[in-house]
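**Student:** Got model_35.txt for you, compact mmCIF, C-alpha atoms:
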# COMPACT_ATOMS: atom_id res chain seq x y z
CA MET I 246 33.73 -24.70 16.23
CA GLU I 247 30.45 -22.85 15.70
CA LEU I 248 30.56 -21.69 12.09
CA LEU I 249 27.50 -19.43 12.37
CA LYS I 250 27.98 -17.98 15.83
CA GLY I 251 26.19 -14.63 16.11
CA LYS I 252 24.34 -15.10 12.81
CA THR I 253 20.59 -15.12 12.23
CA ALA I 254 18.93 -17.31 9.59
CA LEU I 255 15.46 -17.68 8.12
CA VAL I 256 14.69 -21.09 6.56
CA THR I 257 11.54 -21.73 4.53
CA GLY I 258 10.25 -25.28 4.32
CA GLY I 259 12.02 -25.81 7.63
CA THR I 260 9.65 -28.20 9.39
CA ARG I 261 10.83 -31.48 7.86
CA GLY I 262 13.28 -33.17 5.51
CA ILE I 263 16.18 -31.13 4.17
CA GLY I 264 14.85 -27.88 5.61
CA TYR I 265 14.60 -29.27 9.12
CA ALA I 266 18.12 -30.70 8.85
CA VAL I 267 19.37 -27.23 7.81
CA VAL I 268 17.59 -25.58 10.76
CA LYS I 269 19.04 -28.10 13.21
CA LEU I 270 22.58 -27.83 11.84
CA PHE I 271 22.48 -24.03 11.83
CA LEU I 272 21.33 -24.04 15.47
CA GLU I 273 24.11 -26.47 16.39
CA ASN I 274 26.56 -24.04 14.80
CA GLY I 275 25.49 -21.09 16.91
CA ALA I 276 22.90 -19.37 14.72
CA ALA I 277 19.56 -18.02 15.80
CA VAL I 278 17.00 -19.49 13.39
CA ALA I 279 13.47 -18.72 12.28
CA LEU I 280 11.84 -21.65 10.50
CA CYS I 281 8.86 -21.33 8.19
CA GLY I 282 6.24 -23.93 7.38
CA SER I 283 2.98 -24.04 5.48
CA ARG I 284 0.86 -24.71 8.58
CA GLN I 285 1.09 -23.57 12.19
CA GLU I 286 0.63 -27.16 13.34
CA THR I 287 3.77 -28.39 11.59
CA VAL I 288 5.72 -25.32 12.70
CA ASP I 289 4.79 -25.93 16.35
CA LYS I 290 5.70 -29.61 16.07
CA ALA I 291 9.15 -28.79 14.65
CA LEU I 292 9.77 -26.18 17.37
CA GLU I 293 8.76 -28.65 20.07
CA LYS I 294 11.16 -31.26 18.70
CA LEU I 295 14.06 -28.81 18.53
CA LYS I 296 13.45 -27.45 22.02
CA ALA I 297 13.35 -30.99 23.37
CA GLN I 298 16.82 -31.56 21.89
CA ASN I 299 18.21 -28.34 23.34
CA PRO I 300 16.09 -25.86 25.35
CA GLN I 301 18.78 -23.21 24.79
CA TYR I 302 18.28 -23.06 21.03
CA ARG I 303 17.33 -19.58 19.82
CA VAL I 304 14.59 -20.61 17.43
CA MET I 305 11.19 -19.27 16.40
CA GLY I 306 8.52 -20.37 13.92
CA LEU I 307 6.44 -18.60 11.28
CA CYS I 308 3.98 -19.61 8.56
CA PRO I 309 3.63 -16.77 6.03
CA ASP I 310 2.32 -17.20 2.50
CA LEU I 311 5.64 -17.12 0.67
CA GLN I 312 4.03 -15.71 -2.47
CA ASP I 313 2.59 -12.71 -0.61
CA PRO I 314 5.18 -9.90 -0.39
CA ARG I 315 3.39 -8.28 2.54
CA GLN I 316 3.34 -11.46 4.62
CA VAL I 317 6.97 -12.19 3.78
CA GLU I 318 8.03 -8.66 4.73
CA GLU I 319 6.17 -9.03 8.03
CA ALA I 320 7.92 -12.35 8.67
CA VAL I 321 11.33 -10.82 7.96
CA GLY I 322 10.41 -7.94 10.26
CA ALA I 323 9.47 -10.38 13.01
CA VAL I 324 12.85 -12.08 12.67
CA LYS I 325 14.64 -8.74 12.91
CA GLU I 326 12.59 -7.78 15.95
CA ALA I 327 13.33 -11.07 17.68
CA PHE I 328 17.02 -11.47 16.79
CA GLY I 329 18.17 -8.02 15.68
CA ARG I 330 19.18 -8.79 12.09
CA LEU I 331 18.94 -11.26 9.18
CA ASP I 332 22.21 -12.70 7.89
CA ILE I 333 21.12 -15.83 6.01
CA MET I 334 18.01 -16.52 3.93
CA VAL I 335 17.44 -20.15 2.91
CA ASN I 336 14.72 -20.55 0.28
CA ASN I 337 13.96 -24.23 0.65
CA ALA I 338 10.16 -24.49 0.40
CA GLY I 339 8.84 -26.13 -2.74
CA VAL I 340 6.44 -28.64 -4.24
CA SER I 341 6.85 -31.39 -6.81
CA ALA I 342 4.64 -33.53 -9.04
CA ARG I 343 4.94 -36.36 -11.56
CA ASP I 344 2.08 -35.57 -13.97
CA SER I 345 2.47 -36.57 -17.61
CA ILE I 346 2.50 -33.75 -20.16
CA TYR I 347 -0.60 -35.35 -21.70
CA ASP I 348 -2.58 -34.96 -18.48
CA TYR I 349 -0.89 -31.98 -16.81
CA LYS I 350 -3.46 -29.33 -15.91
CA PRO I 351 -2.19 -25.81 -16.64
CA GLU I 352 -3.34 -24.64 -13.21
CA ASP I 353 -1.26 -27.38 -11.56
CA PHE I 354 1.78 -26.42 -13.63
CA ALA I 355 1.27 -22.77 -12.64
CA ARG I 356 0.88 -23.68 -8.96
CA THR I 357 4.24 -25.45 -8.89
CA MET I 358 5.97 -22.61 -10.70
CA ALA I 359 4.36 -20.04 -8.40
CA LEU I 360 5.72 -21.47 -5.16
CA ASN I 361 9.03 -22.78 -6.47
CA VAL I 362 9.96 -19.64 -8.43
CA ASN I 363 7.79 -16.72 -7.36
CA GLY I 364 8.13 -17.70 -3.71
CA VAL I 365 11.92 -17.73 -3.98
CA PHE I 366 11.89 -14.33 -5.69
CA VAL I 367 9.60 -12.75 -3.07
CA CYS I 368 11.67 -14.08 -0.16
CA ALA I 369 14.99 -13.17 -1.79
CA GLN I 370 13.76 -9.64 -2.46
CA ALA I 371 12.63 -9.08 1.13
CA ALA I 372 15.85 -10.53 2.51
CA ALA I 373 18.06 -8.55 0.12
CA ARG I 374 16.52 -5.26 1.19
CA VAL I 375 17.35 -5.97 4.82
CA MET I 376 20.82 -7.30 4.04
CA ARG I 377 21.73 -4.32 1.89
CA ASP I 378 20.83 -1.94 4.71
CA GLN I 379 22.85 -3.89 7.27
CA GLY I 380 25.93 -4.27 5.07
CA GLY I 381 25.61 -7.74 3.58
CA GLY I 382 24.31 -11.27 3.92
CA VAL I 383 23.80 -14.64 2.26
CA ILE I 384 20.87 -15.93 0.20
CA LEU I 385 20.75 -19.67 -0.45
CA ASN I 386 18.25 -21.48 -2.68
CA THR I 387 17.33 -25.13 -2.94
CA SER I 388 17.65 -26.35 -6.51
CA SER I 389 17.69 -30.00 -7.62
CA MET I 390 19.66 -32.44 -9.72
CA VAL I 391 16.73 -32.39 -12.16
CA SER I 392 17.52 -28.74 -12.85
CA ILE I 393 20.52 -30.10 -14.74
CA TYR I 394 19.14 -33.31 -16.25
CA GLY I 395 15.39 -32.82 -16.33
CA GLN I 396 13.04 -35.67 -15.44
CA PRO I 397 10.76 -37.91 -17.54
CA SER I 398 7.48 -36.53 -16.13
CA GLY I 399 6.21 -33.67 -14.01
CA ALA I 400 7.81 -30.98 -16.20
CA ALA I 401 6.93 -28.10 -13.87
CA TYR I 402 9.34 -29.18 -11.14
CA PRO I 403 12.55 -29.31 -13.21
CA SER I 404 11.42 -26.18 -15.07
CA SER I 405 11.03 -24.37 -11.77
CA LYS I 406 14.46 -25.48 -10.62
CA PHE I 407 16.06 -24.37 -13.90
CA ALA I 408 14.50 -20.99 -13.09
CA VAL I 409 15.89 -21.08 -9.55
CA ASN I 410 19.37 -21.63 -10.99
CA GLY I 411 18.96 -18.64 -13.29
CA LEU I 412 17.65 -16.49 -10.46
CA THR I 413 20.56 -17.57 -8.27
CA LYS I 414 23.21 -16.68 -10.83
CA SER I 415 21.54 -13.40 -11.78
CA LEU I 416 21.07 -12.23 -8.19
CA ALA I 417 24.68 -13.14 -7.41
CA ARG I 418 25.82 -10.76 -10.14
CA GLU I 419 23.39 -8.04 -9.11
CA LEU I 420 23.84 -8.18 -5.34
CA GLY I 421 27.60 -8.66 -5.13
CA LYS I 422 28.07 -4.89 -4.90
CA ASP I 423 25.95 -4.94 -1.72
CA ASN I 424 28.10 -7.69 -0.17
CA ILE I 425 25.31 -10.24 -0.56
CA ARG I 426 26.35 -13.70 -1.74
CA VAL I 427 23.78 -15.88 -3.55
CA ASN I 428 24.23 -19.60 -4.13
CA ALA I 429 22.11 -22.73 -4.53
CA VAL I 430 22.36 -26.36 -3.46
CA ALA I 431 21.13 -29.01 -5.90
CA PRO I 432 20.33 -32.20 -3.97
CA GLY I 433 20.09 -35.57 -5.63
CA ILE I 434 18.00 -38.48 -4.37
CA THR I 435 17.72 -37.78 -0.65
CA ARG I 436 16.11 -39.79 2.15
CA THR I 437 13.21 -37.45 2.83
CA ASP I 438 9.85 -38.78 4.04
CA MET I 439 8.75 -39.40 0.46
CA VAL I 440 11.85 -41.41 -0.47
CA ALA I 441 11.89 -43.29 2.85
CA ALA I 442 8.34 -44.50 2.16
CA LEU I 443 9.31 -46.10 -1.17
CA PRO I 444 9.47 -49.92 -1.25
CA GLU I 445 12.89 -51.55 -1.54
CA GLU I 446 12.22 -52.66 -5.13
CA MET I 447 11.98 -48.99 -6.10
CA ILE I 448 14.96 -47.87 -4.01
CA LYS I 449 17.44 -50.38 -5.47
CA PRO I 450 17.25 -49.07 -9.08
CA LEU I 451 17.69 -45.54 -7.75
CA ILE I 452 20.83 -46.50 -5.84
CA ALA I 453 22.19 -48.19 -8.97
CA THR I 454 22.39 -44.74 -10.61
CA ILE I 455 24.56 -43.33 -7.79
CA PRO I 456 28.32 -44.06 -7.91
CA LEU I 457 28.62 -43.62 -4.14
CA GLY I 458 26.16 -46.48 -3.72
CA ARG I 459 23.58 -44.87 -1.44
CA VAL I 460 20.91 -42.23 -1.37
CA GLY I 461 21.78 -38.98 0.32
CA GLU I 462 20.75 -38.10 3.84
CA PRO I 463 19.20 -34.72 4.70
CA GLU I 464 22.31 -34.03 6.76
CA ASP I 465 24.51 -34.43 3.66
CA VAL I 466 22.60 -31.61 2.00
CA ALA I 467 22.48 -29.51 5.17
CA ASN I 468 26.29 -29.64 5.35
CA ALA I 469 26.45 -27.97 1.93
CA PHE I 470 24.13 -25.20 3.12
CA LEU I 471 26.26 -24.73 6.23
CA PHE I 472 29.42 -24.33 4.17
CA LEU I 473 27.83 -21.81 1.80
CA ALA I 474 26.28 -19.86 4.69
CA SER I 475 29.55 -19.64 6.59
CA ASP I 476 32.56 -17.39 6.14
CA MET I 477 34.43 -20.38 4.68
CA ALA I 478 32.54 -19.58 1.46
CA ALA I 479 33.23 -15.84 1.64
CA TYR I 480 34.44 -15.78 -1.99
CA VAL I 481 31.82 -18.16 -3.37
CA THR I 482 28.78 -16.72 -5.13
CA GLY I 483 26.65 -17.59 -8.16
CA GLU I 484 27.31 -21.31 -7.75
CA ILE I 485 24.94 -24.29 -7.97
CA LEU I 486 26.50 -26.91 -5.67
CA SER I 487 25.44 -30.45 -6.56
CA VAL I 488 25.06 -32.84 -3.63
CA ASP I 489 23.98 -35.99 -5.44
CA GLY I 490 26.72 -38.62 -5.16
CA ALA I 491 27.41 -38.04 -8.89
CA ALA I 492 24.04 -39.60 -9.70
CA ARG I 493 23.08 -39.71 -13.37
CA VAL I 494 19.42 -40.50 -14.00
So, in terms of C-alpha cells, how does the structure I just supplied come out?

**Tutor:**
Amino acid sequence: MELLKGKTALVTGGTRGIGYAVVKLFLENGAAVALCGSRQETVDKALEKLKAQNPQYRVMGLCPDLQDPRQVEEAVGAVKEAFGRLDIMVNNAGVSARDSIYDYKPEDFARTMALNVNGVFVCAQAAARVMRDQGGGVILNTSSMVSIYGQPSGAAYPSSKFAVNGLTKSLARELGKDNIRVNAVAPGITRTDMVAALPEEMIKPLIATIPLGRVGEPEDVANAFLFLASDMAAYVTGEILSVDGAARV
C-alpha cells in the first residue's frame, strides 16, 4: 500500500543519512519528492542514485539557502510548478558541534542556531502559506533525543533542538485551524555517516545505553516520518515522537 500516493513532499537535508532515507521511503510510498541539499554536487549525486534505483521516481533537487526567505519561497514555488502542490514539508537540515562552553565561539553558537532554528522557521512559514491556500498539509521537523536530555558539550545543538520542539508545538496550535498538522521526530543514536565512521570501542558504550541493544538505522527514523506524514496520523499534531530505542545518555 502506498501511504503517500498523490502527495508531494519537500525534504531539506535530503541528500544523505536520515533525510535521504526519508526521501527514498516517501518515493516508495507514491509521493513526488523534492530534496534539498547544501551543494548542487551532493543534490545531483542523490538524484542519480535514486533514479538508478527506479527511473520512474518523481523526484527533483534544489539547493536554496534555507535561511533566506526569498530563496526558500522560490524553491517552494519550483516544487508547486513541477508537481502542482506541496502537501508535506520535512525540515531535516541541521548542523551539530561538540565545542566546550569554555572554548565555544559566539559566532559558531549563532551559526548552529541560525540553521537549526531560523532555517526551520523560514521553511515552515513558506510551506504553511502554500498549505493554507490549498486547504491543508503536514509540516514535520527533525528534533533529537538531546532536546530532552541535553548533552555534555556543544550546547548550541541541544539548545536548537529544544527550540525546534517549542516551534513544533506552537505551530501545531496555531495552524490547526488551517488543517495543517505539525509534528517532530526526535532520533536517538542513528547509523549516519558520522556514527558509522566511529571505531568499535566508541560504539560499544553507546549501545550499552540503549535497551534495544543496537543503534538506530536511518530507515527506523524514516518510518516515523512516513507515519506522521500519512493519513494514519490524521489526528496527531504537536507531538515530538522519540525514535531512540529508549536510550538514556

**Student:** Please determine, counting all atoms listed in the file, which residue among I:Leu280, I:Ile263, I:Met376, I:Val440 has the shortest atom-to-atom distance to Val488 in chain I.

**Tutor:** I:Ile263

**Student:** Tell me which protein, DNA and RNA residues are within 12 Å of Asp465 in chain I, counting all atoms listed in the file, leaving out same-chain ones fewer than 5 positions away, and put them as a list in words.

**Tutor:**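 Contacts, in chain order: Gly262, Ile263, Gly264, Ala266, Val267, Leu270, Val430, Ala431, Pro432, Gly433, Ile434, Thr435, Arg436, Thr437, Arg459, Val460, Phe470, Leu471, Phe472, Ser487, Val488, Asp489 and Gly490 of chain I.
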
**Student:** Report as a list in words all protein, DNA and RNA residues lying within 10 Å of Ala320 in chain I, evaluated on only C-alpha atoms, omitting residues in the same chain fewer than 6 positions from it.

**Tutor:** Leu255, Ala279, Cys281, Gly306, Leu307, Cys308, Pro309, Asp310, Leu311, Pro314, Glu326, Cys368 and Ala371 of chain I

**Student:** Provide the CA of Val367 in chain I to CA of Gln312 in chain I distance in Å, to one decimal place.

**Tutor:**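 Result for CA of Val367 in chain I versus CA of Gln312 in chain I: 6.3 Å, one decimal.
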
**Student:** If we count all atoms listed in the file and set the cut-off at 6 Å, which residues sit around Gly282 in chain I, ignoring sequence neighbours fewer than 6 positions away in its own chain? Please answer as a PyMOL selection string.

**Tutor:** chain I and resi 258+260+288+308

**Student:** Nearest to Val317 in chain I: which of I:Asn336, I:Met246, I:Leu457, I:Gly395 is it, counting only C-alpha atoms?

**Tutor:**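 Result for the nearest residue to Val317 in chain I: I:Asn336.
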